[in-house]
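**Student:** Could you have a look at this structure, given as structure tokens, before my questions?
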Amino acid sequence: MKKLLAKTLVAASVAGTALAVQAQEVTLKVHHFLSPTTFIQVGVFEPWCAKLAKESANRIKCQIYPAMQLGGTPPQLFDQAKDGVADVVWTVLGYSANRFPMSEVFELPFTMTNAEATSRAAWDFYQQYSKHEFKDVHLLAMHVHGPGYLFTTKKQMKVMGDFKGMKFRAPTRLTNKMLAMLGATPVGMPVPAVPEALSKGVIEGAVIPYQVVPSIKVNELVKYAAETDPKYNALYTTVFAIAMNKAKYDSLPADLKKVIDNNSGQEFSAMAGRVQEADDGPGREKVKASGVTINVIPAAELDKWKKATDSLDDEWAANITKLGNDGPKTLKAARDLIKKYTK
């Protein structure tokens, strides 16, 4: 009887533990650098969090902290995910120069076709070539924004010579290099710093997608916007990552990990890219309504810009080769992936 009672107690204890694990609830602290009304919160994180809640029977919840409410600066977001300051972050990889050299490939000039296709390519590329760059976090998605354009305060951009002497903001290392090759003086800074820099004359122009312009009121600070021929690959784009704290993910029971896994990866990456680019249209309308003069750079002129920046591809490939990979082969792989998904 004593042995039977002991076995019963052990079984009950194990069952109780299993039930406790099964019933475990988690609230994810989600941190990003834009306002709560922007696409990343309204169009990406809120629907994503709703799916997590539904598929986990409300055992996974989110608390979203926009506009750096948990402290720090946008370039610190990746480390906040690594160190557990936040459970999930959305950040620009290029805010940490030289930290993600493989992933930079999608930021090379005239590489991106559209955000959804390039985001799918970026996820596949991560799976095949750049997992080591994200070993300190649990990566949920990688994506890019729609075509980046030129927004200026004093000069309308029409030809490459217009870049000469212009102080232009860029988000990443490669975009800074591209602007320098075109003749501009590049000034790197996170997007939240752009409005003040424009208003104080620290910069005379910025490269950003239409989607973000109204949210930081750039349309109220510039006179001109220059688009690139829509049939041409984009002038540039920026690579974003949605990363989760590794310990937080590892602490979840198997069924909750499965919910996270089912809402991560290529489809989540594609959704983020698609939603961000979809915001370009409304953004453009707001820019137009603000009285900003919009012009389009024709393909014949863009051919000159491409020729002036082509060596950046070779420079990137040479750096990747120095790091122990086949640079030209890796560059071709990234472009082949974009081509595969571009419709």
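Chains: A, B, ... in order of the structure tokens. Residues: from 1 per chain. Ligands: from 1, in order shown.
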Residues of range 72-152 of chain A that have any atom at most 8 Å from an atom of range 265-277 of chain A: could you tabulate them with the shortest-distance atom pair and the distance in Å to one decimal, using only C-alpha atoms, ordered by chain and increasing number, as CSV?
**Tutor:**
residue,atom,partner,partner_atom,distance
A:Ala115,CA,A:Gly273,CA,4.9
A:Glu116,CA,A:Ala270,CA,4.8
A:Ala117,CA,A:Ala270,CA,7.1
A:Ser119,CA,A:Ala270,CA,5.3
A:Arg120,CA,A:Ala270,CA,5.4
A:Trp123,CA,A:Gln266,CA,5.6
A:Asp124,CA,A:Gln266,CA,7.3
A:Leu140,CA,A:Gly265,CA,5.8
A:Ala141,CA,A:Ser269,CA,4.7
A:Met142,CA,A:Ser269,CA,5.2
A:His143,CA,A:Ser269,CA,5.2
A:Val144,CA,A:Gly273,CA,5.5
A:His145,CA,A:Gly273,CA,5.8
A:Gly146,CA,A:Glu277,CA,4.6
**Student:** Among range 200-284 of chain A, which ones does DSSP assign to strand (DSSP E) (computed from the backbone)? Answer as JSON, numbers by chain.
**Tutor:** {"A": [205, 206, 207, 208, 224, 225, 226, 227, 228, 239, 240, 241, 242, 243, 244, 245]}
**Student:** Write the residues of the preceding selection, restricted to all heavy atoms, as a CSV table (one decimal), in the first residue's frame.
**Tutor:**
chain,number,residue,atom,x,y,z
A,205,GLY,N,19.0,66.5,-47.9
A,205,GLY,CA,18.2,65.5,-48.5
A,205,GLY,C,18.2,64.2,-47.7
A,205,GLY,O,19.1,64.0,-46.9
A,206,ALA,N,17.3,63.3,-48.0
A,206,ALA,CA,17.3,62.0,-47.4
A,206,ALA,C,16.8,60.9,-48.4
A,206,ALA,O,15.9,61.2,-49.2
A,206,ALA,CB,16.4,62.0,-46.1
A,207,VAL,N,17.3,59.7,-48.3
A,207,VAL,CA,16.8,58.6,-49.0
A,207,VAL,C,15.9,57.8,-48.1
A,207,VAL,O,16.4,57.3,-47.1
A,207,VAL,CB,17.9,57.7,-49.7
A,207,VAL,CG1,18.5,58.5,-50.9
A,207,VAL,CG2,18.9,57.3,-48.7
A,208,ILE,N,14.6,57.7,-48.4
A,208,ILE,CA,13.7,56.9,-47.6
A,208,ILE,C,12.5,56.4,-48.5
A,208,ILE,O,12.3,57.0,-49.6
A,208,ILE,CB,13.1,57.7,-46.4
A,208,ILE,CG1,12.8,59.2,-46.9
A,208,ILE,CG2,13.9,57.7,-45.2
A,208,ILE,CD1,12.2,60.0,-45.8
A,224,TYR,N,11.0,68.7,-52.7
A,224,TYR,CA,11.1,67.9,-53.8
A,224,TYR,C,11.2,66.4,-53.4
A,224,TYR,O,11.8,66.0,-52.4
A,224,TYR,CB,12.3,68.2,-54.7
A,224,TYR,CG,12.3,69.7,-55.1
A,224,TYR,CD1,13.2,70.6,-54.4
A,224,TYR,CD2,11.5,70.2,-56.1
A,224,TYR,CE1,13.2,71.9,-54.8
A,224,TYR,CE2,11.6,71.5,-56.5
A,224,TYR,CZ,12.4,72.4,-55.8
A,224,TYR,OH,12.5,73.7,-56.2
A,225,ALA,N,10.6,65.5,-54.3
A,225,ALA,CA,10.7,64.1,-54.2
A,225,ALA,C,11.1,63.6,-55.6
A,225,ALA,O,10.4,63.9,-56.6
A,225,ALA,CB,9.5,63.4,-53.7
A,226,ALA,N,12.1,62.8,-55.7
A,226,ALA,CA,12.5,62.2,-57.0
A,226,ALA,C,12.4,60.6,-56.9
A,226,ALA,O,13.0,60.0,-56.0
A,226,ALA,CB,14.0,62.5,-57.3
A,227,GLU,N,11.5,60.1,-57.7
A,227,GLU,CA,11.3,58.7,-57.8
A,227,GLU,C,12.2,58.1,-58.9
A,227,GLU,O,12.8,58.9,-59.7
A,227,GLU,CB,9.9,58.4,-58.2
A,227,GLU,CG,8.9,58.9,-57.2
A,227,GLU,CD,7.4,58.7,-57.7
A,227,GLU,OE1,7.2,58.1,-58.7
A,227,GLU,OE2,6.5,59.2,-57.0
A,228,THR,N,12.4,56.8,-58.9
A,228,THR,CA,13.1,56.2,-60.0
A,228,THR,C,12.1,55.4,-60.9
A,228,THR,O,11.1,55.0,-60.4
A,228,THR,CB,14.2,55.2,-59.5
A,228,THR,OG1,13.6,54.3,-58.5
A,228,THR,CG2,15.3,55.9,-58.8
A,239,VAL,N,17.4,46.4,-45.1
A,239,VAL,CA,17.1,45.0,-44.5
A,239,VAL,C,16.7,45.2,-43.1
A,239,VAL,O,17.5,45.8,-42.3
A,239,VAL,CB,18.2,44.0,-44.7
A,239,VAL,CG1,17.9,42.7,-44.1
A,239,VAL,CG2,18.6,43.9,-46.1
A,240,PHE,N,15.6,44.7,-42.7
A,240,PHE,CA,15.1,44.7,-41.3
A,240,PHE,C,15.1,43.3,-40.8
A,240,PHE,O,14.9,42.3,-41.5
A,240,PHE,CB,13.6,45.2,-41.3
A,240,PHE,CG,13.4,46.6,-41.8
A,240,PHE,CD1,13.3,46.9,-43.1
A,240,PHE,CD2,13.4,47.7,-40.9
A,240,PHE,CE1,13.1,48.1,-43.6
A,240,PHE,CE2,13.2,49.0,-41.4
A,240,PHE,CZ,13.1,49.2,-42.7
A,241,ALA,N,15.2,43.2,-39.5
A,241,ALA,CA,15.1,41.8,-38.8
A,241,ALA,C,14.0,41.9,-37.7
A,241,ALA,O,14.0,42.9,-37.0
A,241,ALA,CB,16.4,41.4,-38.3
A,242,ILE,N,13.3,40.9,-37.5
A,242,ILE,CA,12.4,40.7,-36.3
A,242,ILE,C,13.0,39.6,-35.6
A,242,ILE,O,13.1,38.4,-36.0
A,242,ILE,CB,11.0,40.4,-36.7
A,242,ILE,CG1,10.4,41.6,-37.5
A,242,ILE,CG2,10.1,40.2,-35.5
A,242,ILE,CD1,9.0,41.3,-38.1
A,243,ALA,N,13.6,39.9,-34.4
A,243,ALA,CA,14.4,38.9,-33.6
A,243,ALA,C,13.8,38.7,-32.3
A,243,ALA,O,13.3,39.6,-31.6
A,243,ALA,CB,15.8,39.4,-33.5
A,244,MET,N,13.9,37.5,-31.8
A,244,MET,CA,13.4,37.1,-30.4
A,244,MET,C,14.5,36.7,-29.5
A,244,MET,O,15.5,36.1,-30.0
A,244,MET,CB,12.4,36.0,-30.6
A,244,MET,CG,11.7,35.6,-29.3
A,244,MET,SD,10.4,34.3,-29.6
A,244,MET,CE,9.8,34.1,-27.9
A,245,ASN,N,14.4,37.0,-28.3
A,245,ASN,CA,15.4,36.6,-27.3
A,245,ASN,C,15.5,35.1,-27.3
A,245,ASN,O,14.4,34.4,-27.1
A,245,ASN,CB,15.0,37.2,-25.9
A,245,ASN,CG,16.0,36.7,-24.8
A,245,ASN,OD1,15.6,35.8,-24.1
A,245,ASN,ND2,17.1,37.3,-24.7
**Student:** Could you state the separation of CA of Val42 in chain A and CA of Asp280 in chain A in Å, given to one decimal place?
**Tutor:**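 About the pair CA of Val42 in chain A and CA of Asp280 in chain A: they are 14.8 Å apart.
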**Student:** When you count only C-alpha atoms, which of these residues is closest to Asn262 in chain A: A:Ser56, A:Ala121, A:Ile338, A:Ala81?
**Tutor:**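 Among the listed residues, A:Ser56 lies closest to Asn262 in chain A.
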**Student:** Please identify all polymer residues within 12 Å of Val212 in chain A, counting only C-alpha atoms, omitting same-chain residues fewer than 6 positions from it, and present them as a ChimeraX atom specification.
**Tutor:** /A:33-35,37-40,145-149,151,191-192,194-195,206,218-219,276-284,286-287
**Student:** So which residues touch Ala170 in chain A within 6 Å, counting only C-alpha atoms, skipping near sequence neighbours fewer than 2 positions away, as a list of chain:residue names?
**Tutor:** A:Thr172, A:Thr175, A:Asn176, A:Gly188, A:Val207
**Student:** For the selection just defined, write its residues with all heavy atoms to a file, as a PDB file, in the first residue's frame.
**Tutor:**
ATOM      1  N   THR A 172      22.161  53.075 -44.001  1.00  0.00           N
ATOM      2  CA  THR A 172      23.103  51.965 -43.830  1.00  0.00           C
ATOM      3  C   THR A 172      24.453  52.258 -44.483  1.00  0.00           C
ATOM      4  O   THR A 172      24.598  53.177 -45.283  1.00  0.00           O
ATOM      5  CB  THR A 172      22.537  50.675 -44.465  1.00  0.00           C
ATOM      6  OG1 THR A 172      22.440  50.860 -45.887  1.00  0.00           O
ATOM      7  CG2 THR A 172      21.151  50.340 -43.915  1.00  0.00           C
ATOM      8  N   THR A 175      24.394  52.106 -48.348  1.00  0.00           N
ATOM      9  CA  THR A 175      23.687  53.239 -48.948  1.00  0.00           C
ATOM     10  C   THR A 175      24.519  54.508 -48.829  1.00  0.00           C
ATOM     11  O   THR A 175      24.515  55.365 -49.727  1.00  0.00           O
ATOM     12  CB  THR A 175      22.301  53.426 -48.307  1.00  0.00           C
ATOM     13  OG1 THR A 175      21.669  52.151 -48.195  1.00  0.00           O
ATOM     14  CG2 THR A 175      21.424  54.323 -49.149  1.00  0.00           C
ATOM     15  N   ASN A 176      25.249  54.654 -47.729  1.00  0.00           N
ATOM     16  CA  ASN A 176      26.189  55.770 -47.599  1.00  0.00           C
ATOM     17  C   ASN A 176      27.237  55.723 -48.701  1.00  0.00           C
ATOM     18  O   ASN A 176      27.553  56.739 -49.328  1.00  0.00           O
ATOM     19  CB  ASN A 176      26.881  55.721 -46.230  1.00  0.00           C
ATOM     20  CG  ASN A 176      26.092  56.441 -45.152  1.00  0.00           C
ATOM     21  OD1 ASN A 176      25.714  57.588 -45.314  1.00  0.00           O
ATOM     22  ND2 ASN A 176      25.848  55.764 -44.050  1.00  0.00           N
ATOM     23  N   GLY A 188      25.091  59.342 -42.161  1.00  0.00           N
ATOM     24  CA  GLY A 188      24.328  58.213 -41.649  1.00  0.00           C
ATOM     25  C   GLY A 188      23.570  58.570 -40.384  1.00  0.00           C
ATOM     26  O   GLY A 188      24.104  59.240 -39.506  1.00  0.00           O
ATOM     27  N   VAL A 207      17.326  59.709 -48.260  1.00  0.00           N
ATOM     28  CA  VAL A 207      16.766  58.598 -49.024  1.00  0.00           C
ATOM     29  C   VAL A 207      15.921  57.768 -48.067  1.00  0.00           C
ATOM     30  O   VAL A 207      16.406  57.262 -47.066  1.00  0.00           O
ATOM     31  CB  VAL A 207      17.865  57.739 -49.705  1.00  0.00           C
ATOM     32  CG1 VAL A 207      18.482  58.471 -50.866  1.00  0.00           C
ATOM     33  CG2 VAL A 207      18.936  57.299 -48.721  1.00  0.00           C
TER      34      VAL A 207
END
**Student:** Applying 12 Å and only C-alpha atoms, which residues near Lys307 in chain A remain after dropping the ones on its own chain fewer than 4 positions away? List them as an MDAnalysis selection string.
**Tutor:** chainID A and resid 109:110 160 178 181:182 300:303 311:313
**Student:** What separation in Å, quoted to one decimal, exists between CA of Val159 in chain A and CA of Ile297 in chain A?
**Tutor:**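 That distance, rounded to one decimal, is 7.6 Å.
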**Student:** Among range 193-280 of chain A, which ones does DSSP assign to alpha helix (DSSP H) (computed from the backbone)? Answer as JSON, numbers by chain.
**Tutor:** {"A": [194, 195, 196, 197, 198, 199, 246, 247, 248, 249, 250, 251, 254, 255, 256, 257, 258, 259, 260, 261, 262, 266, 267, 268, 269, 270, 271, 272, 273, 274, 275, 276, 277, 278, 280]}
**Student:** Could you take the residues named above and write them with N, CA, C and O atoms, as a compact mmCIF listing (two decimals), in the first residue's frame?
**Tutor:**
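To be explicit, this is the file written out as selection-v7.txt:
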# COMPACT_ATOMS: atom_id res chain seq x y z
N VAL A 194 15.88 62.05 -38.76
CA VAL A 194 15.84 62.78 -40.03
C VAL A 194 15.12 64.13 -39.95
O VAL A 194 15.65 65.13 -40.45
N PRO A 195 13.93 64.22 -39.34
CA PRO A 195 13.23 65.51 -39.34
C PRO A 195 14.04 66.65 -38.73
O PRO A 195 14.14 67.73 -39.32
N GLU A 196 14.65 66.41 -37.59
CA GLU A 196 15.45 67.47 -36.96
C GLU A 196 16.65 67.83 -37.82
O GLU A 196 17.00 69.02 -37.96
N ALA A 197 17.29 66.82 -38.41
CA ALA A 197 18.45 67.08 -39.26
C ALA A 197 18.08 67.90 -40.49
O ALA A 197 18.82 68.79 -40.92
N LEU A 198 16.91 67.64 -41.07
CA LEU A 198 16.43 68.42 -42.21
C LEU A 198 16.10 69.86 -41.78
O LEU A 198 16.47 70.81 -42.46
N SER A 199 15.40 69.99 -40.67
CA SER A 199 14.96 71.33 -40.24
C SER A 199 16.12 72.22 -39.84
O SER A 199 16.08 73.44 -40.00
N LYS A 246 16.66 34.56 -27.38
CA LYS A 246 16.85 33.12 -27.49
C LYS A 246 16.38 32.38 -26.23
O LYS A 246 15.70 31.36 -26.30
N ALA A 247 16.74 32.92 -25.07
CA ALA A 247 16.36 32.27 -23.81
C ALA A 247 14.85 32.26 -23.64
O ALA A 247 14.28 31.29 -23.11
N LYS A 248 14.19 33.33 -24.07
CA LYS A 248 12.72 33.39 -23.96
C LYS A 248 12.09 32.31 -24.81
O LYS A 248 11.18 31.59 -24.37
N TYR A 249 12.59 32.19 -26.05
CA TYR A 249 12.05 31.16 -26.94
C TYR A 249 12.32 29.77 -26.37
O TYR A 249 11.42 28.91 -26.31
N ASP A 250 13.55 29.53 -25.91
CA ASP A 250 13.92 28.22 -25.38
C ASP A 250 13.13 27.85 -24.13
O ASP A 250 12.96 26.67 -23.81
N SER A 251 12.64 28.85 -23.38
CA SER A 251 11.91 28.58 -22.15
C SER A 251 10.46 28.16 -22.39
O SER A 251 9.78 27.69 -21.47
N ALA A 254 6.83 23.06 -25.62
CA ALA A 254 6.86 22.67 -27.04
C ALA A 254 5.67 23.18 -27.83
O ALA A 254 5.81 23.62 -28.98
N ASP A 255 4.47 23.17 -27.22
CA ASP A 255 3.30 23.59 -27.99
C ASP A 255 3.31 25.08 -28.28
O ASP A 255 2.85 25.52 -29.34
N LEU A 256 3.86 25.89 -27.36
CA LEU A 256 3.94 27.33 -27.61
C LEU A 256 5.07 27.66 -28.59
O LEU A 256 4.95 28.59 -29.39
N LYS A 257 6.15 26.88 -28.53
CA LYS A 257 7.21 27.04 -29.54
C LYS A 257 6.64 26.79 -30.93
O LYS A 257 6.97 27.49 -31.89
N LYS A 258 5.78 25.80 -31.03
CA LYS A 258 5.17 25.46 -32.32
C LYS A 258 4.32 26.62 -32.84
O LYS A 258 4.33 26.92 -34.05
N VAL A 259 3.61 27.30 -31.95
CA VAL A 259 2.82 28.46 -32.36
C VAL A 259 3.73 29.55 -32.92
O VAL A 259 3.44 30.15 -33.96
N ILE A 260 4.84 29.80 -32.21
CA ILE A 260 5.81 30.80 -32.69
C ILE A 260 6.38 30.37 -34.03
O ILE A 260 6.44 31.16 -34.98
N ASP A 261 6.77 29.09 -34.13
CA ASP A 261 7.37 28.59 -35.37
C ASP A 261 6.40 28.69 -36.55
O ASP A 261 6.81 29.02 -37.67
N ASN A 262 5.12 28.42 -36.29
CA ASN A 262 4.12 28.47 -37.36
C ASN A 262 3.86 29.89 -37.84
O ASN A 262 3.25 30.10 -38.90
N GLN A 266 9.53 32.39 -43.71
CA GLN A 266 9.39 33.06 -45.00
C GLN A 266 8.06 33.80 -45.15
O GLN A 266 8.02 34.93 -45.65
N GLU A 267 6.96 33.19 -44.70
CA GLU A 267 5.66 33.84 -44.87
C GLU A 267 5.54 35.09 -44.01
O GLU A 267 4.96 36.09 -44.44
N PHE A 268 6.07 35.04 -42.80
CA PHE A 268 6.05 36.23 -41.94
C PHE A 268 6.94 37.31 -42.56
O PHE A 268 6.58 38.50 -42.58
N SER A 269 8.08 36.92 -43.11
CA SER A 269 8.98 37.87 -43.78
C SER A 269 8.28 38.52 -44.97
O SER A 269 8.31 39.75 -45.14
N ALA A 270 7.64 37.70 -45.79
CA ALA A 270 6.94 38.20 -46.98
C ALA A 270 5.81 39.14 -46.57
O ALA A 270 5.58 40.17 -47.21
N MET A 271 5.08 38.77 -45.53
CA MET A 271 3.97 39.61 -45.05
C MET A 271 4.48 40.97 -44.61
O MET A 271 3.90 42.02 -44.97
N ALA A 272 5.57 41.00 -43.86
CA ALA A 272 6.12 42.28 -43.38
C ALA A 272 6.55 43.16 -44.56
O ALA A 272 6.26 44.36 -44.58
N GLY A 273 7.22 42.56 -45.54
CA GLY A 273 7.63 43.33 -46.71
C GLY A 273 6.45 43.83 -47.51
O GLY A 273 6.41 44.99 -47.94
N ARG A 274 5.46 42.96 -47.70
CA ARG A 274 4.26 43.32 -48.46
C ARG A 274 3.49 44.45 -47.78
O ARG A 274 3.07 45.42 -48.43
N VAL A 275 3.30 44.35 -46.48
CA VAL A 275 2.56 45.36 -45.73
C VAL A 275 3.29 46.70 -45.76
O VAL A 275 2.68 47.76 -45.92
N GLN A 276 4.62 46.65 -45.61
CA GLN A 276 5.37 47.90 -45.63
C GLN A 276 5.28 48.58 -46.99
O GLN A 276 5.04 49.78 -47.08
N GLU A 277 5.46 47.81 -48.06
CA GLU A 277 5.40 48.43 -49.39
C GLU A 277 3.99 48.91 -49.73
O GLU A 277 3.82 49.91 -50.44
N ALA A 278 2.97 48.23 -49.20
CA ALA A 278 1.59 48.66 -49.46
C ALA A 278 1.32 50.05 -48.89
O ALA A 278 0.43 50.76 -49.36
N ASP A 280 3.33 52.49 -49.20
CA ASP A 280 3.96 53.50 -50.05
C ASP A 280 2.92 54.36 -50.78
O ASP A 280 3.10 55.57 -50.94
**Student:** May I ask for the distance between CA of Val89 in chain A and CA of Gln41 in chain A, given in Å to one decimal place?
**Tutor:**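 That distance, rounded to one decimal, is 11.3 Å.
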